[in-house]
>>> print(open('start_14.cif').read())   # mmCIF, C-alpha atoms
data_input
#
loop_
_atom_site.group_PDB
_atom_site.id
_atom_site.type_symbol
_atom_site.label_atom_id
_atom_site.label_comp_id
_atom_site.auth_asym_id
_atom_site.auth_seq_id
_atom_site.Cartn_x
_atom_site.Cartn_y
_atom_site.Cartn_z
ATOM 1 C CA LEU I 28 65.182 -21.487 158.821
ATOM 2 C CA GLU I 29 65.805 -23.119 162.206
ATOM 3 C CA LEU I 30 67.961 -20.152 163.239
ATOM 4 C CA LEU I 31 65.290 -17.754 162.037
ATOM 5 C CA ASN I 32 62.650 -19.606 164.064
ATOM 6 C CA LEU I 33 64.837 -19.330 167.149
ATOM 7 C CA TYR I 34 65.115 -15.571 166.708
ATOM 8 C CA GLN I 35 61.346 -15.288 166.308
ATOM 9 C CA LYS I 36 60.836 -17.440 169.393
ATOM 10 C CA HIS I 37 63.164 -15.488 171.661
ATOM 11 C CA TYR I 38 62.541 -12.046 170.125
ATOM 12 C CA PRO I 39 58.828 -12.102 169.288
ATOM 13 C CA HIS I 40 58.643 -8.313 168.995
ATOM 14 C CA PRO I 41 61.170 -7.097 166.391
ATOM 15 C CA LEU I 42 62.066 -3.477 165.751
ATOM 16 C CA PRO I 43 59.718 -1.585 163.350
ATOM 17 C CA GLU I 44 62.342 -1.612 160.567
ATOM 18 C CA ILE I 45 62.715 -5.409 160.802
ATOM 19 C CA GLU I 46 58.953 -5.927 161.005
ATOM 20 C CA THR I 47 58.463 -3.828 157.861
ATOM 21 C CA LYS I 48 61.108 -5.863 156.040
ATOM 22 C CA ILE I 49 59.426 -9.120 157.109
ATOM 23 C CA GLU I 50 56.143 -7.920 155.641
ATOM 24 C CA ASN I 51 57.709 -6.596 152.431
ATOM 25 C CA ILE I 52 59.514 -9.855 151.582
ATOM 26 C CA GLU I 53 56.556 -12.027 152.717
ATOM 27 C CA LEU I 54 58.803 -14.044 155.013
ATOM 28 C CA GLU I 55 56.130 -16.514 156.130
ATOM 29 C CA PHE I 56 55.252 -17.420 152.531
ATOM 30 C CA ILE I 57 58.914 -17.694 151.486
ATOM 31 C CA SER I 58 59.703 -19.986 154.437
ATOM 32 C CA GLU I 59 56.904 -22.379 153.462
ATOM 33 C CA ASP I 60 57.506 -22.147 149.713
ATOM 34 C CA LEU I 61 61.265 -22.718 149.947
ATOM 35 C CA LEU I 62 60.816 -26.282 151.221
ATOM 36 C CA LYS I 63 58.328 -27.022 148.430
ATOM 37 C CA ILE I 64 60.739 -25.633 145.814
ATOM 38 C CA LEU I 65 63.621 -27.730 147.165
ATOM 39 C CA ALA I 66 61.439 -30.863 147.165
ATOM 40 C CA SER I 67 60.348 -30.114 143.604
ATOM 41 C CA MET I 68 63.965 -29.605 142.507
ATOM 42 C CA GLU I 69 64.968 -32.914 144.098
ATOM 43 C CA PHE I 70 62.107 -34.729 142.356
ATOM 44 C CA GLY I 71 62.997 -33.034 139.058
ATOM 45 C CA THR I 72 66.683 -33.961 139.220
ATOM 46 C CA GLU I 73 65.828 -37.579 140.068
ATOM 47 C CA ARG I 74 63.468 -37.706 137.088
ATOM 48 C CA ILE I 75 66.135 -36.192 134.785
ATOM 49 C CA GLN I 76 68.602 -38.798 136.035
ATOM 50 C CA LYS I 77 66.156 -41.613 135.235
ATOM 51 C CA ILE I 78 65.355 -40.209 131.792
ATOM 52 C CA ILE I 79 69.044 -39.830 130.882
ATOM 53 C CA LEU I 80 69.730 -43.377 132.062
ATOM 54 C CA SER I 81 66.745 -44.621 130.061
ATOM 55 C CA LEU I 82 67.892 -42.747 126.957
ATOM 56 C CA ARG I 83 71.328 -44.307 127.329
ATOM 57 C CA ASN I 84 69.837 -47.770 127.749
ATOM 58 C CA PHE I 85 67.388 -47.112 124.926
ATOM 59 C CA SER I 86 70.009 -46.047 122.405
ATOM 60 C CA ARG I 87 72.639 -48.535 123.584
ATOM 61 C CA LEU I 88 75.248 -46.414 121.815
ATOM 62 C CA ASP I 89 77.994 -48.562 123.289
ATOM 63 C CA GLU I 90 76.338 -51.807 122.187
ATOM 64 C CA SER I 91 76.134 -51.910 118.383
ATOM 65 C CA GLU I 92 76.814 -55.640 118.344
ATOM 66 C CA ILE I 93 74.494 -58.522 119.166
ATOM 67 C CA LYS I 94 73.991 -58.757 122.925
ATOM 68 C CA LYS I 95 72.054 -60.867 125.398
ATOM 69 C CA VAL I 96 69.484 -58.531 126.925
ATOM 70 C CA ASP I 97 66.363 -58.472 129.066
ATOM 71 C CA ILE I 98 63.524 -57.462 126.727
ATOM 72 C CA HIS I 99 61.564 -56.054 129.664
ATOM 73 C CA ASP I 100 64.294 -53.471 130.358
ATOM 74 C CA GLY I 101 64.007 -52.205 126.773
ATOM 75 C CA ILE I 102 60.216 -51.957 126.986
ATOM 76 C CA ASP I 103 60.336 -50.176 130.364
ATOM 77 C CA ASN I 104 62.916 -47.660 129.110
ATOM 78 C CA THR I 105 60.789 -47.000 126.033
ATOM 79 C CA ILE I 106 57.695 -46.405 128.185
ATOM 80 C CA LEU I 107 59.602 -43.964 130.395
ATOM 81 C CA ILE I 108 60.725 -41.975 127.351
ATOM 82 C CA LEU I 109 57.139 -41.879 126.027
ATOM 83 C CA MET I 110 55.660 -41.013 129.429
ATOM 84 C CA SER I 111 55.276 -37.333 128.526
ATOM 85 C CA GLN I 112 53.035 -38.320 125.593
ATOM 86 C CA LEU I 113 50.821 -40.585 127.666
ATOM 87 C CA ASN I 114 47.577 -38.760 128.320
ATOM 88 C CA PRO I 115 46.430 -39.152 131.959
ATOM 89 C CA LYS I 116 43.320 -40.854 130.603
ATOM 90 C CA ILE I 117 45.412 -43.597 128.944
ATOM 91 C CA GLU I 118 45.934 -46.610 131.199
ATOM 92 C CA LEU I 119 49.088 -48.606 130.447
ATOM 93 C CA LEU I 120 49.100 -52.186 131.713
ATOM 94 C CA LYS I 121 52.038 -54.601 131.738
ATOM 95 C CA GLN I 122 51.734 -58.354 132.053
ATOM 96 C CA TYR I 123 55.265 -59.695 131.858
ATOM 97 C CA GLY I 124 56.000 -63.393 131.625
ATOM 98 C CA ASN I 125 59.187 -65.144 132.733
ATOM 99 C CA LEU I 126 61.447 -64.518 129.740
ATOM 100 C CA PRO I 127 65.058 -65.578 129.241
ATOM 101 C CA LEU I 128 67.673 -63.148 127.959
ATOM 102 C CA ILE I 129 67.569 -63.003 124.164
ATOM 103 C CA GLU I 130 70.283 -62.400 121.571
ATOM 104 C CA CYS I 131 69.527 -59.206 119.638
ATOM 105 C CA TYR I 132 70.571 -55.721 118.595
ATOM 106 C CA PRO I 133 69.187 -53.844 121.655
ATOM 107 C CA ALA I 134 68.922 -50.381 120.062
ATOM 108 C CA GLN I 135 66.956 -51.740 117.112
ATOM 109 C CA LEU I 136 64.451 -53.600 119.284
ATOM 110 C CA ASN I 137 64.016 -50.497 121.437
ATOM 111 C CA GLN I 138 63.219 -48.558 118.250
ATOM 112 C CA LEU I 139 60.705 -51.259 117.307
ATOM 113 C CA PHE I 140 58.872 -50.984 120.643
ATOM 114 C CA MET I 141 59.021 -47.189 120.434
ATOM 115 C CA ASN I 142 57.299 -47.203 117.029
ATOM 116 C CA ILE I 143 54.534 -49.621 118.030
ATOM 117 C CA ILE I 144 53.744 -48.061 121.422
ATOM 118 C CA ASN I 145 53.852 -44.554 119.932
ATOM 119 C CA ASN I 146 51.364 -45.660 117.266
ATOM 120 C CA ALA I 147 49.071 -47.033 119.981
ATOM 121 C CA ILE I 148 49.210 -43.709 121.841
ATOM 122 C CA ASP I 149 48.372 -41.797 118.642
ATOM 123 C CA GLN I 150 45.412 -44.105 117.975
ATOM 124 C CA LEU I 151 43.990 -43.531 121.451
ATOM 125 C CA LEU I 152 44.541 -39.763 121.382
ATOM 126 C CA THR I 153 42.630 -39.479 118.090
ATOM 127 C CA ASN I 154 39.767 -41.548 119.507
ATOM 128 C CA SER I 155 37.848 -39.114 121.690
ATOM 129 C CA THR I 156 34.694 -41.247 121.943
ATOM 130 C CA LYS I 157 35.982 -43.964 124.270
ATOM 131 C CA LEU I 158 36.019 -43.122 127.954
ATOM 132 C CA SER I 159 38.391 -45.976 128.801
ATOM 133 C CA LYS I 160 41.654 -45.798 126.853
ATOM 134 C CA GLN I 161 44.093 -48.626 127.428
ATOM 135 C CA ILE I 162 47.381 -50.069 126.186
ATOM 136 C CA LEU I 163 48.216 -53.625 127.239
ATOM 137 C CA ILE I 164 51.730 -55.063 126.877
ATOM 138 C CA GLN I 165 52.121 -58.817 127.374
ATOM 139 C CA THR I 166 55.230 -60.971 127.095
ATOM 140 C CA ASN I 167 55.483 -64.750 127.088
ATOM 141 C CA PRO I 168 57.905 -67.492 126.116
ATOM 142 C CA ILE I 169 56.563 -69.715 123.317
ATOM 143 C CA GLU I 170 57.848 -73.155 122.378
ATOM 144 C CA ASN I 171 61.488 -73.658 123.369
ATOM 145 C CA ASP I 172 63.333 -71.078 121.365
ATOM 146 C CA GLN I 173 61.081 -68.040 120.929
ATOM 147 C CA ILE I 174 59.475 -65.228 122.900
ATOM 148 C CA GLN I 175 56.408 -63.164 122.090
ATOM 149 C CA VAL I 176 55.556 -59.538 122.797
ATOM 150 C CA ARG I 177 51.938 -58.451 122.319
ATOM 151 C CA ILE I 178 51.065 -54.737 122.343
ATOM 152 C CA ARG I 179 47.344 -53.978 122.180
ATOM 153 C CA ASP I 180 45.308 -50.778 122.260
ATOM 154 C CA ASN I 181 41.545 -50.418 122.427
ATOM 155 C CA GLY I 182 41.408 -47.598 119.878
ATOM 156 C CA LEU I 183 39.588 -47.300 116.569
ATOM 157 C CA GLY I 184 41.271 -50.282 114.924
ATOM 158 C CA ILE I 185 42.601 -50.526 111.359
ATOM 159 C CA HIS I 186 40.305 -50.614 108.352
ATOM 160 C CA PRO I 187 40.659 -53.936 106.473
ATOM 161 C CA GLU I 188 41.380 -52.068 103.212
ATOM 162 C CA ILE I 189 44.597 -50.545 104.583
ATOM 163 C CA LYS I 190 45.695 -53.317 106.954
ATOM 164 C CA ASP I 191 48.030 -54.832 104.325
ATOM 165 C CA LYS I 192 49.627 -51.446 103.631
ATOM 166 C CA ILE I 193 50.662 -50.361 107.115
ATOM 167 C CA PHE I 194 54.205 -51.743 106.742
ATOM 168 C CA ASP I 195 54.707 -50.051 103.353
ATOM 169 C CA PRO I 196 57.301 -47.241 103.369
ATOM 170 C CA PHE I 197 55.771 -43.719 103.487
ATOM 171 C CA PHE I 198 52.240 -45.057 104.053
ATOM 172 C CA THR I 199 50.465 -43.128 106.805
ATOM 173 C CA THR I 200 46.902 -42.392 107.854
ATOM 174 C CA LYS I 201 47.948 -39.223 109.685
ATOM 175 C CA PRO I 202 47.176 -35.754 108.307
ATOM 176 C CA ILE I 203 49.660 -34.121 105.908
ATOM 177 C CA GLY I 204 52.674 -32.856 107.824
ATOM 178 C CA GLU I 205 52.220 -35.362 110.657
ATOM 179 C CA GLY I 206 54.157 -38.601 110.562
ATOM 180 C CA THR I 207 56.589 -39.892 107.954
ATOM 181 C CA GLY I 208 55.035 -43.266 107.255
ATOM 182 C CA MET I 209 58.385 -44.919 108.040
ATOM 183 C CA GLY I 210 57.909 -46.092 111.629
ATOM 184 C CA LEU I 211 56.221 -49.426 110.921
ATOM 185 C CA ALA I 212 58.241 -49.980 107.730
ATOM 186 C CA ILE I 213 61.438 -49.714 109.784
ATOM 187 C CA SER I 214 59.902 -51.955 112.457
ATOM 188 C CA TYR I 215 59.218 -54.625 109.839
ATOM 189 C CA GLN I 216 62.836 -54.510 108.671
ATOM 190 C CA ILE I 217 64.076 -54.798 112.273
ATOM 191 C CA ILE I 218 61.926 -57.907 112.796
ATOM 192 C CA GLU I 219 63.224 -59.470 109.573
ATOM 193 C CA LYS I 220 66.820 -58.742 110.567
ATOM 194 C CA HIS I 221 66.278 -60.591 113.847
ATOM 195 C CA GLY I 222 64.679 -63.594 112.137
ATOM 196 C CA GLY I 223 61.327 -62.935 113.790
ATOM 197 C CA LYS I 224 57.852 -62.099 112.579
ATOM 198 C CA ILE I 225 55.188 -59.485 113.269
ATOM 199 C CA GLU I 226 51.431 -59.958 112.997
ATOM 200 C CA VAL I 227 48.668 -57.352 113.140
ATOM 201 C CA ILE I 228 45.287 -58.267 114.611
ATOM 202 C CA SER I 229 42.681 -55.539 114.333
ATOM 203 C CA GLU I 230 38.939 -55.074 114.403
ATOM 204 C CA LEU I 231 37.220 -51.775 113.646
ATOM 205 C CA GLY I 232 36.010 -50.109 116.816
ATOM 206 C CA GLU I 233 37.754 -52.656 119.044
ATOM 207 C CA GLY I 234 41.440 -51.810 118.712
ATOM 208 C CA THR I 235 44.692 -53.135 117.286
ATOM 209 C CA GLU I 236 47.211 -55.690 118.508
ATOM 210 C CA PHE I 237 50.772 -56.100 117.261
ATOM 211 C CA VAL I 238 52.186 -59.554 117.954
ATOM 212 C CA VAL I 239 55.989 -59.672 117.760
ATOM 213 C CA THR I 240 57.697 -63.069 117.784
ATOM 214 C CA LEU I 241 61.468 -63.181 118.246
ATOM 215 C CA PRO I 242 63.989 -66.018 118.480
ATOM 216 C CA ILE I 243 65.809 -66.367 121.789
ATOM 217 C CA LEU I 244 69.025 -67.162 119.947
ATOM 218 C CA SER I 245 70.069 -64.922 117.068
ATOM 219 C CA SER I 246 70.302 -66.607 113.672
ATOM 220 C CA LEU I 247 73.882 -65.331 113.441
ATOM 221 C CA VAL I 248 74.728 -67.014 116.740
ATOM 222 C CA LYS I 249 73.003 -70.210 115.567
ATOM 223 C CA GLU I 250 75.115 -70.212 112.408
ATOM 224 C CA GLY I 251 78.251 -69.900 114.534
ATOM 225 C CA ILE I 252 77.185 -72.859 116.702
ATOM 226 C CA VAL I 253 76.512 -74.987 113.625
ATOM 227 C CA MET I 254 79.868 -74.070 112.111
ATOM 228 C CA ASN I 255 81.663 -74.939 115.339
ATOM 229 C CA ALA I 256 79.820 -78.275 115.506
ATOM 230 C CA LEU I 257 80.847 -79.101 111.933
ATOM 231 C CA ARG I 258 84.466 -78.379 112.804
#
>>> encode(input="start_14.cif", output="structure tokens")
Amino acid sequence: LELLNLYQKHYPHPLPEIETKIENIELEFISEDLLKILASMEFGTERIQKIILSLRNFSRLDESEIKKVDIHDGIDNTILILMSQLNPKIELLKQYGNLPLIECYPAQLNQLFMNIINNAIDQLLTNSTKLSKQILIQTNPIENDQIQVRIRDNGLGIHPEIKDKIFDPFFTTKPIGEGTGMGLAISYQIIEKHGGKIEVISELGEGTEFVVTLPILSSLVKEGIVMNALR
């Protein structure tokens, strides 16, 4: 393009054949559009790189054992994967506390966060009446040996009659053909496996909050420490 500009500068009056070609290929438009296309390609490849890295971190295919991990990394990777589903009208807020690394199965906890955040998005997308749609994710250490993750949406909330059923396998409030009813059931099993607990706080018309409490030290690791102490 620089060379082309030099030619145009020093030879401002091209031959008729060249001038016709310039008009036919819309040279001015192509010159401007090329830079935009290259910038778009660069942005796209960077985004693909981030998504692939997030998918790798999310699945943790090389980490099937218990590991010490930063919970915030798992949540952030999950959010990035779900970004395409986040409607522009949905505001996602993060209020992260100062958490230690926790012993866990990383892929399973990532699946847990995926299920809960995805449910929150679905709730907000089906609620067309509220102008302000919001998902709030808070993390905090509690006591000396636990951490807490709270994920809240300001959607329609859960009816009291079905609140006790949401962790049942195959239970879903979605239309036939949408959803398997297994997401929260699997999430409940993941929490149990980690020795934690999950609580649902919901009020009709106000939204739903999932409160996940997890031990900092895995029960399996604790058992190993106790056994070593006894020896």
>>> atom_distance(input="start_14.cif", atom1="CA of Asn181 in chain I", atom2="CA of Asn142 in chain I")
17.0 Å
>>> residues_near_point(input="start_14.cif", point="(55.5, -60.6, 120.6)", cutoff="7 Å", atoms="all atoms listed in the file", output="short mmCIF file (atom, residue, chain, number, x, y, z; two decimals) with C-alpha atoms, in the coordinates of the input")
data_model
loop_
_atom_site.label_atom_id
_atom_site.label_comp_id
_atom_site.auth_asym_id
_atom_site.auth_seq_id
_atom_site.Cartn_x
_atom_site.Cartn_y
_atom_site.Cartn_z
CA THR I 166 55.23 -60.97 127.10
CA ILE I 174 59.48 -65.23 122.90
CA GLN I 175 56.41 -63.16 122.09
CA VAL I 176 55.56 -59.54 122.80
CA ARG I 177 51.94 -58.45 122.32
CA VAL I 238 52.19 -59.55 117.95
CA VAL I 239 55.99 -59.67 117.76
CA THR I 240 57.70 -63.07 117.78
CA LEU I 241 61.47 -63.18 118.25
#
>>> resolve_selection(input="start_14.cif", expression="the PyMOL selection byres ((chain I and resi 138) around 9)", output="ChimeraX atom specification")
/I:85-86,105,133-137,139-143,210,213-214,217
>>> residues_around(input="start_14.cif", residues="range 222-231 of chain I", least_positions_apart="2", cutoff="8 Å", atoms="all atoms listed in the file", output="PyMOL selection string")
chain I and resi 183-186+190+215+218-220+233-242+245-246
>>> atom_distance(input="start_14.cif", atom1="CA of His99 in chain I", atom2="CA of Phe194 in chain I")
24.5 Å
>>> atom_distance(input="start_14.cif", atom1="CA of Lys95 in chain I", atom2="CA of Glu170 in chain I")
19.0 Å
>>> closest_residue(input="start_14.cif", among="I:Leu244, I:Ile129, I:Leu151, I:Met68", to="Val96 in chain I", atoms="only C-alpha atoms")
I:Ile129
>>> resolve_selection(input="start_14.cif", expression="the PyMOL selection byres ((chain I and resi 114-122) around 9)", output="VMD selection string")
chain I and resid 110 to 113 123 to 124 148 151 to 152 158 to 167
>>> axis_aligned_box(input="start_14.cif", around="range 161-169 of chain I", padding_each_side="4 Å", output="lines of an AutoDock Vina configuration file")
center_x = 51.0
center_y = -59.2
center_z = 125.4
size_x = 21.8
size_y = 29.1
size_z = 12.1
>>> decode(input="start_14.cif", residues="range 163-174 of chain I", atoms="N, CA, C and O atoms", output="mmCIF file, in the first residue's frame")
data_model
loop_
_atom_site.group_PDB
_atom_site.id
_atom_site.type_symbol
_atom_site.label_atom_id
_atom_site.label_comp_id
_atom_site.auth_asym_id
_atom_site.auth_seq_id
_atom_site.Cartn_x
_atom_site.Cartn_y
_atom_site.Cartn_z
ATOM 1 N N LEU I 163 -24.761 -11.837 39.374
ATOM 2 C CA LEU I 163 -23.713 -11.424 40.315
ATOM 3 C C LEU I 163 -23.007 -12.668 40.852
ATOM 4 O O LEU I 163 -23.655 -13.602 41.338
ATOM 5 N N ILE I 164 -21.679 -12.687 40.741
ATOM 6 C CA ILE I 164 -20.881 -13.798 41.259
ATOM 7 C C ILE I 164 -19.977 -13.262 42.366
ATOM 8 O O ILE I 164 -19.159 -12.371 42.133
ATOM 9 N N GLN I 165 -20.147 -13.798 43.571
ATOM 10 C CA GLN I 165 -19.351 -13.374 44.718
ATOM 11 C C GLN I 165 -18.588 -14.567 45.294
ATOM 12 O O GLN I 165 -19.121 -15.678 45.343
ATOM 13 N N THR I 166 -17.371 -14.324 45.728
ATOM 14 C CA THR I 166 -16.601 -15.377 46.395
ATOM 15 C C THR I 166 -16.030 -14.813 47.695
ATOM 16 O O THR I 166 -15.613 -13.644 47.749
ATOM 17 N N ASN I 167 -16.001 -15.667 48.719
ATOM 18 C CA ASN I 167 -15.468 -15.255 50.008
ATOM 19 C C ASN I 167 -14.949 -16.459 50.774
ATOM 20 O O ASN I 167 -15.513 -17.550 50.671
ATOM 21 N N PRO I 168 -13.897 -16.263 51.581
ATOM 22 C CA PRO I 168 -13.509 -17.319 52.504
ATOM 23 C C PRO I 168 -14.451 -17.286 53.705
ATOM 24 O O PRO I 168 -14.885 -16.209 54.122
ATOM 25 N N ILE I 169 -14.823 -18.437 54.237
ATOM 26 C CA ILE I 169 -15.643 -18.480 55.449
ATOM 27 C C ILE I 169 -14.989 -19.411 56.449
ATOM 28 O O ILE I 169 -14.449 -20.456 56.085
ATOM 29 N N GLU I 170 -15.028 -19.011 57.718
ATOM 30 C CA GLU I 170 -14.359 -19.754 58.780
ATOM 31 C C GLU I 170 -12.888 -19.924 58.406
ATOM 32 O O GLU I 170 -12.293 -19.080 57.753
ATOM 33 N N ASN I 171 -12.290 -21.045 58.783
ATOM 34 C CA ASN I 171 -10.861 -21.229 58.512
ATOM 35 C C ASN I 171 -10.570 -22.231 57.407
ATOM 36 O O ASN I 171 -9.462 -22.292 56.893
ATOM 37 N N ASP I 172 -11.582 -23.026 57.078
ATOM 38 C CA ASP I 172 -11.284 -24.134 56.176
ATOM 39 C C ASP I 172 -12.291 -24.283 55.036
ATOM 40 O O ASP I 172 -12.393 -25.341 54.432
ATOM 41 N N GLN I 173 -13.022 -23.212 54.732
ATOM 42 C CA GLN I 173 -14.023 -23.291 53.672
ATOM 43 C C GLN I 173 -14.042 -22.011 52.841
ATOM 44 O O GLN I 173 -13.618 -20.946 53.296
ATOM 45 N N ILE I 174 -14.535 -22.148 51.617
ATOM 46 C CA ILE I 174 -14.783 -20.969 50.773
ATOM 47 C C ILE I 174 -16.218 -21.042 50.275
ATOM 48 O O ILE I 174 -16.837 -22.109 50.260
#
